[in-house]
Every structure is written in structure tokens, then in C-alpha cells.
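Printed here is data.pdb (PDB, C-alpha atoms, pLDDT in the B column):
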```pdb
ATOM      1  CA  ARG N  61      36.359  21.828  30.626  1.00 85.00           C
ATOM      2  CA  LYS N  62      34.441  20.296  27.709  1.00 90.00           C
ATOM      3  CA  ALA N  63      35.459  20.820  24.127  1.00 90.00           C
ATOM      4  CA  ASN N  64      33.410  20.197  21.016  1.00 91.00           C
ATOM      5  CA  PRO N  65      35.892  20.223  18.149  1.00 90.00           C
ATOM      6  CA  THR N  66      34.749  19.888  14.586  1.00 89.00           C
ATOM      7  CA  ILE N  67      36.664  17.171  12.787  1.00 89.00           C
ATOM      8  CA  ALA N  68      36.523  17.368   9.008  1.00 90.00           C
ATOM      9  CA  LEU N  69      36.159  13.884   7.547  1.00 94.00           C
ATOM     10  CA  ILE N  70      36.522  15.209   3.992  1.00 94.00           C
ATOM     11  CA  ASP N  71      38.771  18.028   2.820  1.00 94.00           C
ATOM     12  CA  TRP N  72      36.351  19.967   0.610  1.00 92.00           C
ATOM     13  CA  GLN N  73      38.841  22.768  -0.106  1.00 92.00           C
ATOM     14  CA  ASN N  74      41.639  20.496  -1.375  1.00 94.00           C
ATOM     15  CA  PRO N  75      40.149  17.347  -2.958  1.00 93.00           C
ATOM     16  CA  GLN N  76      43.631  15.920  -3.631  1.00 94.00           C
ATOM     17  CA  ASN N  77      44.044  15.469   0.148  1.00 96.00           C
ATOM     18  CA  ASN N  78      41.277  12.840   0.188  1.00 96.00           C
ATOM     19  CA  SER N  79      41.481   9.136  -0.559  1.00 96.00           C
ATOM     20  CA  PHE N  80      39.172   8.058  -3.419  1.00 96.00           C
ATOM     21  CA  THR N  81      38.697   4.291  -3.684  1.00 94.00           C
ATOM     22  CA  PHE N  82      36.070   1.906  -4.963  1.00 93.00           C
ATOM     23  CA  THR N  83      35.310  -1.756  -4.716  1.00 93.00           C
ATOM     24  CA  GLU N  84      33.313  -4.193  -6.814  1.00 93.00           C
ATOM     25  CA  GLU N  85      30.723  -6.590  -5.436  1.00 93.00           C
ATOM     26  CA  TYR N  86      30.948  -5.132  -1.926  1.00 93.00           C
ATOM     27  CA  SER N  87      29.395  -7.636   0.495  1.00 94.00           C
ATOM     28  CA  VAL N  88      27.232  -6.131   3.236  1.00 94.00           C
ATOM     29  CA  LEU N  89      25.544  -8.245   5.905  1.00 92.00           C
ATOM     30  CA  ARG N  90      21.762  -7.879   5.926  1.00 93.00           C
ATOM     31  CA  THR N  91      20.045  -6.763   9.109  1.00 91.00           C
ATOM     32  CA  ASP N  92      18.850 -10.342   9.756  1.00 86.00           C
ATOM     33  CA  LEU N  93      22.558 -11.328  10.037  1.00 84.00           C
ATOM     34  CA  THR N  94      22.064 -14.424   7.847  1.00 86.00           C
ATOM     35  CA  GLN N  95      22.655 -13.197   4.285  1.00 92.00           C
ATOM     36  CA  THR N  96      24.574 -10.541   2.423  1.00 94.00           C
ATOM     37  CA  ARG N  97      23.770  -8.197  -0.440  1.00 94.00           C
ATOM     38  CA  ARG N  98      26.431  -7.119  -2.909  1.00 95.00           C
ATOM     39  CA  PRO N  99      26.044  -3.737  -4.593  1.00 96.00           C
ATOM     40  CA  ASP N 100      28.072  -3.742  -7.795  1.00 95.00           C
ATOM     41  CA  ILE N 101      30.309  -0.757  -7.037  1.00 96.00           C
ATOM     42  CA  VAL N 102      30.740   1.260  -3.856  1.00 97.00           C
ATOM     43  CA  CYS N 103      32.793   4.464  -4.030  1.00 97.00           C
ATOM     44  CA  PHE N 104      34.536   5.575  -0.840  1.00 97.00           C
ATOM     45  CA  VAL N 105      35.984   8.945   0.112  1.00 96.00           C
ATOM     46  CA  ASN N 106      38.284   8.591   3.119  1.00 97.00           C
ATOM     47  CA  GLY N 107      36.615   5.269   3.893  1.00 96.00           C
ATOM     48  CA  ILE N 108      33.080   6.689   3.822  1.00 96.00           C
ATOM     49  CA  PRO N 109      30.761   5.031   1.267  1.00 97.00           C
ATOM     50  CA  LEU N 110      29.505   8.151  -0.528  1.00 96.00           C
ATOM     51  CA  ALA N 111      28.258   6.562  -3.764  1.00 97.00           C
ATOM     52  CA  VAL N 112      26.631   3.195  -4.499  1.00 98.00           C
ATOM     53  CA  ILE N 113      26.292   2.008  -8.102  1.00 97.00           C
ATOM     54  CA  GLU N 114      24.213  -0.803  -9.563  1.00 96.00           C
ATOM     55  CA  ALA N 115      25.587  -1.804 -12.963  1.00 94.00           C
ATOM     56  CA  LYS N 116      23.427  -3.849 -15.294  1.00 91.00           C
ATOM     57  CA  ARG N 117      24.797  -5.620 -18.358  1.00 80.00           C
ATOM     58  CA  PRO N 118      24.321  -3.689 -21.602  1.00 74.00           C
ATOM     59  CA  ASP N 119      23.927  -6.813 -23.739  1.00 65.00           C
ATOM     60  CA  GLY N 120      20.304  -7.614 -22.928  1.00 55.00           C
ATOM     61  CA  GLN N 121      17.667  -7.099 -25.600  1.00 54.00           C
ATOM     62  CA  PRO N 122      15.923  -3.721 -25.301  1.00 58.00           C
ATOM     63  CA  GLY N 123      12.901  -4.091 -23.075  1.00 58.00           C
ATOM     64  CA  LYS N 124      13.825  -7.652 -22.114  1.00 62.00           C
ATOM     65  CA  GLY N 125      17.283  -7.504 -20.546  1.00 65.00           C
ATOM     66  CA  PRO N 126      18.428  -5.709 -17.406  1.00 70.00           C
ATOM     67  CA  THR N 127      17.611  -2.017 -17.478  1.00 88.00           C
ATOM     68  CA  VAL N 128      18.388   1.152 -15.566  1.00 92.00           C
ATOM     69  CA  ASP N 129      14.993   0.669 -13.873  1.00 92.00           C
ATOM     70  CA  ALA N 130      16.071  -2.785 -12.670  1.00 92.00           C
ATOM     71  CA  GLY N 131      19.155  -1.245 -11.051  1.00 94.00           C
ATOM     72  CA  ILE N 132      17.044   1.449  -9.418  1.00 95.00           C
ATOM     73  CA  SER N 133      14.604  -1.149  -8.056  1.00 94.00           C
ATOM     74  CA  GLN N 134      17.475  -3.182  -6.639  1.00 95.00           C
ATOM     75  CA  THR N 135      18.954  -0.096  -4.965  1.00 96.00           C
ATOM     76  CA  LEU N 136      15.582   0.854  -3.481  1.00 96.00           C
ATOM     77  CA  ARG N 137      15.152  -2.692  -2.153  1.00 96.00           C
ATOM     78  CA  ASN N 138      18.631  -2.619  -0.592  1.00 96.00           C
ATOM     79  CA  GLN N 139      17.749   0.532   1.375  1.00 96.00           C
ATOM     80  CA  SER N 140      14.798  -1.096   3.153  1.00 95.00           C
ATOM     81  CA  LYS N 141      15.085  -1.834   6.884  1.00 94.00           C
ATOM     82  CA  ASP N 142      15.386  -5.615   6.463  1.00 93.00           C
ATOM     83  CA  GLU N 143      18.111  -5.362   3.808  1.00 95.00           C
ATOM     84  CA  ILE N 144      21.337  -3.282   4.078  1.00 95.00           C
ATOM     85  CA  PRO N 145      20.244   0.201   5.192  1.00 95.00           C
ATOM     86  CA  GLN N 146      23.500   0.674   7.131  1.00 95.00           C
ATOM     87  CA  LEU N 147      25.411   1.024   3.842  1.00 95.00           C
ATOM     88  CA  PHE N 148      23.246   3.994   2.888  1.00 96.00           C
ATOM     89  CA  ALA N 149      23.659   5.910   6.163  1.00 94.00           C
ATOM     90  CA  TYR N 150      26.387   8.086   4.619  1.00 92.00           C
ATOM     91  CA  SER N 151      25.726   7.611   0.895  1.00 94.00           C
ATOM     92  CA  GLN N 152      25.100  10.823  -0.998  1.00 93.00           C
ATOM     93  CA  LEU N 153      24.699   9.499  -4.527  1.00 96.00           C
ATOM     94  CA  LEU N 154      23.047   6.375  -5.865  1.00 98.00           C
ATOM     95  CA  LEU N 155      23.506   5.449  -9.521  1.00 98.00           C
ATOM     96  CA  SER N 156      22.074   2.847 -11.869  1.00 97.00           C
ATOM     97  CA  ILE N 157      24.022   2.263 -15.090  1.00 96.00           C
ATOM     98  CA  THR N 158      23.835  -0.101 -18.069  1.00 93.00           C
ATOM     99  CA  GLY N 159      26.994   0.529 -20.056  1.00 88.00           C
ATOM    100  CA  HIS N 160      25.281   3.154 -22.216  1.00 90.00           C
ATOM    101  CA  ASP N 161      22.701   4.861 -20.031  1.00 93.00           C
ATOM    102  CA  GLY N 162      22.358   5.817 -16.405  1.00 95.00           C
ATOM    103  CA  ARG N 163      20.333   7.697 -13.826  1.00 97.00           C
ATOM    104  CA  TYR N 164      20.979   8.955 -10.327  1.00 97.00           C
ATOM    105  CA  GLY N 165      19.125   9.653  -7.127  1.00 97.00           C
ATOM    106  CA  THR N 166      19.747  10.015  -3.426  1.00 96.00           C
ATOM    107  CA  CYS N 167      18.751   7.795  -0.528  1.00 95.00           C
ATOM    108  CA  GLY N 168      15.001   7.368  -0.408  1.00 93.00           C
ATOM    109  CA  THR N 169      14.391   8.929  -3.823  1.00 95.00           C
ATOM    110  CA  PRO N 170      11.384   7.204  -5.444  1.00 96.00           C
ATOM    111  CA  LYS N 171      12.102   5.593  -8.830  1.00 95.00           C
ATOM    112  CA  LYS N 172      10.090   8.190 -10.763  1.00 95.00           C
ATOM    113  CA  PHE N 173      12.418  10.975  -9.552  1.00 97.00           C
ATOM    114  CA  TRP N 174      15.721   9.373 -10.536  1.00 97.00           C
ATOM    115  CA  ALA N 175      17.204  11.554 -13.284  1.00 96.00           C
ATOM    116  CA  SER N 176      19.627  11.568 -16.183  1.00 95.00           C
ATOM    117  CA  TRP N 177      22.599  13.894 -15.830  1.00 95.00           C
ATOM    118  CA  LYS N 178      22.736  17.000 -18.022  1.00 93.00           C
ATOM    119  CA  GLU N 179      26.297  18.338 -17.993  1.00 91.00           C
ATOM    120  CA  GLU N 180      26.710  22.084 -18.430  1.00 92.00           C
ATOM    121  CA  ASP N 181      30.329  22.766 -17.446  1.00 93.00           C
ATOM    122  CA  ILE N 182      32.529  20.007 -18.889  1.00 94.00           C
ATOM    123  CA  PRO N 183      32.910  20.263 -22.681  1.00 94.00           C
ATOM    124  CA  GLU N 184      32.210  17.124 -24.717  1.00 94.00           C
ATOM    125  CA  SER N 185      35.771  17.231 -26.062  1.00 95.00           C
ATOM    126  CA  GLN N 186      37.144  17.036 -22.513  1.00 94.00           C
ATOM    127  CA  MET N 187      34.903  14.049 -21.762  1.00 94.00           C
ATOM    128  CA  GLU N 188      36.032  12.318 -24.958  1.00 95.00           C
ATOM    129  CA  ALA N 189      39.674  12.949 -24.057  1.00 95.00           C
ATOM    130  CA  LEU N 190      39.116  11.529 -20.582  1.00 94.00           C
ATOM    131  CA  LYS N 191      37.315   8.425 -21.864  1.00 94.00           C
ATOM    132  CA  ASN N 192      40.042   7.802 -24.448  1.00 95.00           C
ATOM    133  CA  THR N 193      42.986   8.250 -22.067  1.00 94.00           C
ATOM    134  CA  PRO N 194      44.754   4.880 -22.104  1.00 94.00           C
ATOM    135  CA  LEU N 195      45.338   3.051 -18.853  1.00 94.00           C
ATOM    136  CA  SER N 196      48.933   2.304 -17.928  1.00 94.00           C
ATOM    137  CA  GLY N 197      50.138  -1.277 -17.857  1.00 94.00           C
ATOM    138  CA  ALA N 198      50.229  -1.134 -14.050  1.00 95.00           C
ATOM    139  CA  GLN N 199      46.611   0.117 -13.905  1.00 94.00           C
ATOM    140  CA  LYS N 200      45.494  -2.725 -16.183  1.00 94.00           C
ATOM    141  CA  ASP N 201      47.422  -5.248 -14.097  1.00 94.00           C
ATOM    142  CA  VAL N 202      45.561  -4.130 -10.967  1.00 92.00           C
ATOM    143  CA  LEU N 203      42.206  -4.001 -12.770  1.00 91.00           C
ATOM    144  CA  PHE N 204      42.528  -7.499 -14.215  1.00 94.00           C
ATOM    145  CA  VAL N 205      44.432  -9.303 -11.443  1.00 93.00           C
ATOM    146  CA  ASP N 206      41.363 -11.322 -10.362  1.00 91.00           C
ATOM    147  CA  ARG N 207      39.748 -11.665 -13.785  1.00 92.00           C
ATOM    148  CA  LYS N 208      40.081 -14.392 -16.374  1.00 94.00           C
ATOM    149  CA  PRO N 209      42.471 -13.641 -19.291  1.00 93.00           C
ATOM    150  CA  PRO N 210      39.661 -13.279 -21.892  1.00 94.00           C
ATOM    151  CA  ALA N 211      38.362 -10.235 -19.992  1.00 94.00           C
ATOM    152  CA  ARG N 212      41.631  -8.391 -20.489  1.00 94.00           C
ATOM    153  CA  ILE N 213      41.808  -9.436 -24.144  1.00 94.00           C
ATOM    154  CA  TRP N 214      38.277  -8.087 -24.676  1.00 93.00           C
ATOM    155  CA  PHE N 215      39.178  -4.834 -22.882  1.00 94.00           C
ATOM    156  CA  GLU N 216      42.378  -4.334 -24.910  1.00 93.00           C
ATOM    157  CA  ASP N 217      40.409  -4.760 -28.143  1.00 94.00           C
ATOM    158  CA  TRP N 218      37.578  -2.471 -26.971  1.00 91.00           C
ATOM    159  CA  ALA N 219      39.984   0.248 -25.817  1.00 92.00           C
ATOM    160  CA  SER N 220      42.041   0.108 -29.028  1.00 92.00           C
ATOM    161  CA  ARG N 221      39.373   2.028 -30.962  1.00 93.00           C
ATOM    162  CA  PRO N 222      38.143   5.594 -30.393  1.00 94.00           C
ATOM    163  CA  LEU N 223      35.448   5.486 -27.725  1.00 93.00           C
ATOM    164  CA  HIS N 224      32.437   7.765 -27.927  1.00 94.00           C
ATOM    165  CA  VAL N 225      30.965   9.374 -24.829  1.00 94.00           C
ATOM    166  CA  SER N 226      27.677   7.852 -23.692  1.00 94.00           C
ATOM    167  CA  ASP N 227      25.038   9.145 -21.291  1.00 94.00           C
ATOM    168  CA  GLN N 228      26.524   6.779 -18.710  1.00 95.00           C
ATOM    169  CA  ASP N 229      29.933   8.442 -19.165  1.00 95.00           C
ATOM    170  CA  ARG N 230      28.420  11.905 -18.751  1.00 95.00           C
ATOM    171  CA  LEU N 231      26.746  10.751 -15.534  1.00 96.00           C
ATOM    172  CA  LEU N 232      29.895   9.178 -14.078  1.00 96.00           C
ATOM    173  CA  ILE N 233      32.208  12.027 -15.063  1.00 95.00           C
ATOM    174  CA  GLY N 234      29.733  14.716 -14.058  1.00 94.00           C
ATOM    175  CA  LEU N 235      28.919  13.288 -10.639  1.00 95.00           C
ATOM    176  CA  LEU N 236      31.959  11.291  -9.547  1.00 94.00           C
ATOM    177  CA  SER N 237      34.940  13.387 -10.581  1.00 91.00           C
ATOM    178  CA  PRO N 238      37.043  14.022  -7.441  1.00 89.00           C
ATOM    179  CA  GLN N 239      36.926  17.809  -7.833  1.00 86.00           C
ATOM    180  CA  ARG N 240      33.131  17.626  -7.649  1.00 86.00           C
TER     181      ARG N 240
END
```
Take the structure in this file and express it as C-alpha cells.
Amino acid sequence: RKANPTIALIDWQNPQNNSFTFTEEYSVLRTDLTQTRRPDIVCFVNGIPLAVIEAKRPDGQPGKGPTVDAGISQTLRNQSKDEIPQLFAYSQLLLSITGHDGRYGTCGTPKKFWASWKEEDIPESQMEALKNTPLSGAQKDVLFVDRKPPARIWFEDWASRPLHVSDQDRLLIGLLSPQR
């Protein structure tokens, strides 16, 4: 007798039962098998790459430095058949961020349809509290284990002041919170 069971890869009813992980500079072999591409951040749920993020530096001059559009263009290029389309087979969200701003789309979404996030359910005060929640020493140790000491010094100084919520924060919190 044949059986066709349904196997749930994600527990949608109880998000805490899932594994939420991310990696930086995730190397993916291109379809030509000779080079790799490295999206800045890939977010996994139970090992499935559900979100891919291109992060551009916020320190460029307006109109001259890397922009949200540059991140979108890079993501669109990476989806093409001669690049790394296999990464996007299961991806549900694609984001381009700059440290202050951000937009999102889905696989195959043309650049002109990528959108900013408009949050309607999470109060600004809750977002501010989340952004200003200090990391534990153990969390910082893991975050900075492979970074040069000045990066941690910069972070400690940056995080020592009250941090205001940016459009990038609204996008990340609104779209990538585990309960969502």
C-alpha cells in the first residue's frame, strides 16, 4: 500500500519549535561551478533559506555610495540562471538594507515593485525597546569571535547610547520576527 504523508518542515502553529539561524557572507557555488557568490546575510528556518539580505554600507555619500537600489540589483542578478538561482528556490523574502533604509521583495520581483515596510501592529515604543535591549556578554562574544577588536569597541560605543528606530529596523522587525 502506498502512503503520501505530509511532513511539516516548519511548525507554523508554534514558532518556538523551529530553529532560526543566520549566516553572514554565505558562499554559494554558481551554476557554472567555477565561482561563488556571497549574499551578505541568509536567514534559515529549520535549515531552509527563507530570507536573503543584501546589506550595503550606510557611510557612502547620498547618491554616490551604495544604495538600497544597488542591493536590489545585486539580488536580482544573483537570481539569474547563470548565477545562484538554487539559493532562491525556497526563499520567501528578499531584503536590501543600508543601515538606515530598506526595501523588500520576493523572488522575481522587478526592482520597481520592491517596497518599504509600513508597520501597523507593532507600536514604535516596542520597536525602540527591542532595538535598545542590550546583548549579553555571551551574545557579543559569539558575534565578535571572528572580527577584529576595533569592531567590538565601535559596537560597544554605538550601543551605549539610546538608539532610534530606523526604516531598516521597522523592515527587519516587521518581516523577520520569529512569530511572523
Could you expand the PyMOL selection byres ((chain N and resi 178) around 12) into the explicit residues it covers here, written as a CSV table (one decimal) with C-alpha atoms, keeping the file's coordinate frame?
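This went into selection.csv:
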```
chain,number,residue,atom,x,y,z
N,162,GLY,CA,22.4,5.8,-16.4
N,163,ARG,CA,20.3,7.7,-13.8
N,164,TYR,CA,21.0,9.0,-10.3
N,175,ALA,CA,17.2,11.6,-13.3
N,176,SER,CA,19.6,11.6,-16.2
N,177,TRP,CA,22.6,13.9,-15.8
N,179,GLU,CA,26.3,18.3,-18.0
N,180,GLU,CA,26.7,22.1,-18.4
N,181,ASP,CA,30.3,22.8,-17.4
N,182,ILE,CA,32.5,20.0,-18.9
N,183,PRO,CA,32.9,20.3,-22.7
N,184,GLU,CA,32.2,17.1,-24.7
N,226,SER,CA,27.7,7.9,-23.7
N,227,ASP,CA,25.0,9.1,-21.3
N,228,GLN,CA,26.5,6.8,-18.7
N,229,ASP,CA,29.9,8.4,-19.2
N,230,ARG,CA,28.4,11.9,-18.8
N,231,LEU,CA,26.7,10.8,-15.5
N,232,LEU,CA,29.9,9.2,-14.1
N,233,ILE,CA,32.2,12.0,-15.1
N,234,GLY,CA,29.7,14.7,-14.1
N,235,LEU,CA,28.9,13.3,-10.6
```
Near stretch 65-85 of chain N, 10 Å: stretch 103-213 of chain N residue rows, closest pairs, all atoms listed in the file, as a Markdown table:
```
| residue | atom | partner | partner_atom | distance |
| --- | --- | --- | --- | --- |
| N:Cys103 | CA | N:Phe82 | CA | 4.3 |
| N:Phe104 | CA | N:Thr81 | CA | 5.2 |
| N:Val105 | CA | N:Phe80 | CA | 4.8 |
| N:Asn106 | CA | N:Ser79 | CA | 4.9 |
| N:Gly107 | CA | N:Ser79 | CA | 7.6 |
| N:Ile108 | CA | N:Leu69 | CA | 8.7 |
| N:Pro109 | CA | N:Phe82 | CA | 8.8 |
| N:Ala111 | CA | N:Phe82 | CA | 9.2 |
| N:Val112 | CA | N:Phe82 | CA | 9.5 |
| N:Ile113 | CA | N:Glu84 | CA | 9.5 |
| N:Glu114 | CA | N:Glu85 | CA | 9.6 |
```
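Straight-line separation from atom CA of N:Pro170 to atom CA of N:Gln95: 25.3 Å.
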Might I get the box with edges along x, y and z of the file that holds all atoms of stretch 180-193 of chain N listed there, padded by 3 Å on every side, given as centre and edge lengths in Å to one decimal, as JSON?
```
{"center_x": 34.8, "center_y": 15.3, "center_z": -21.8, "size_x": 22.3, "size_y": 21.0, "size_z": 14.6}
```
| said: Which residues are close to N:Gly131, i.e. within 6 Å by all atoms listed in the file, leaving aside same-chain residues fewer than 2 positions away? Reply as a list in words. | reply: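 Residues meeting the cut-off are Glu114, Val128, Asp129, Ser133, Gln134 and Ser156 of chain N.
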| query | What separation in Å, quoted to one decimal, exists between atom CA of N:Ile144 and atom CA of N:Pro99? | reply | 9.9 Å
| From the set N:Pro194, N:Pro238, N:Gly168, N:Pro126, which residue has the shortest atom-to-atom contact distance to N:Leu154, counting all atoms listed in the file? | N:Gly168
If you count all atoms listed in the file, which residues fall within 10 Å of N:Lys200, apart from same-chain ones fewer than 4 positions away, as a short mmCIF file (atom, residue, chain, number, x, y, z; two decimals) with C-alpha atoms, in the coordinates of the input?
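In the end it all went to result.cif:
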```cif
data_model
loop_
_atom_site.label_atom_id
_atom_site.label_comp_id
_atom_site.auth_asym_id
_atom_site.auth_seq_id
_atom_site.Cartn_x
_atom_site.Cartn_y
_atom_site.Cartn_z
CA PRO N 194 44.75 4.88 -22.10
CA LEU N 195 45.34 3.05 -18.85
CA SER N 196 48.93 2.30 -17.93
CA PHE N 204 42.53 -7.50 -14.22
CA VAL N 205 44.43 -9.30 -11.44
CA ARG N 212 41.63 -8.39 -20.49
CA PHE N 215 39.18 -4.83 -22.88
CA GLU N 216 42.38 -4.33 -24.91
#
```
| query | For the file shown, what are the residues hit by the PyMOL selection byres ((chain N and resi 224) around 10), laid out as a VMD selection string? | reply | chain N and resid 184 187 to 189 191 to 192 221 to 223 225 to 226 229
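Between atom CA of N:His160 and atom CA of N:Arg117 there is a distance of 9.6 Å.
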| request: Decode the PyMOL selection byres ((chain N and resi 141-143) around 10) for the given file into explicit residues and return them as a list in words. | output: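 This file gives the following for the PyMOL selection byres ((chain N and resi 141-143) around 10): Val88, Leu89, Arg90, Thr91, Asp92, Leu93, Gln95, Thr96, Arg97, Leu136, Arg137, Asn138, Gln139, Ser140, Ile144, Pro145, Gln146 and Leu147 of chain N.
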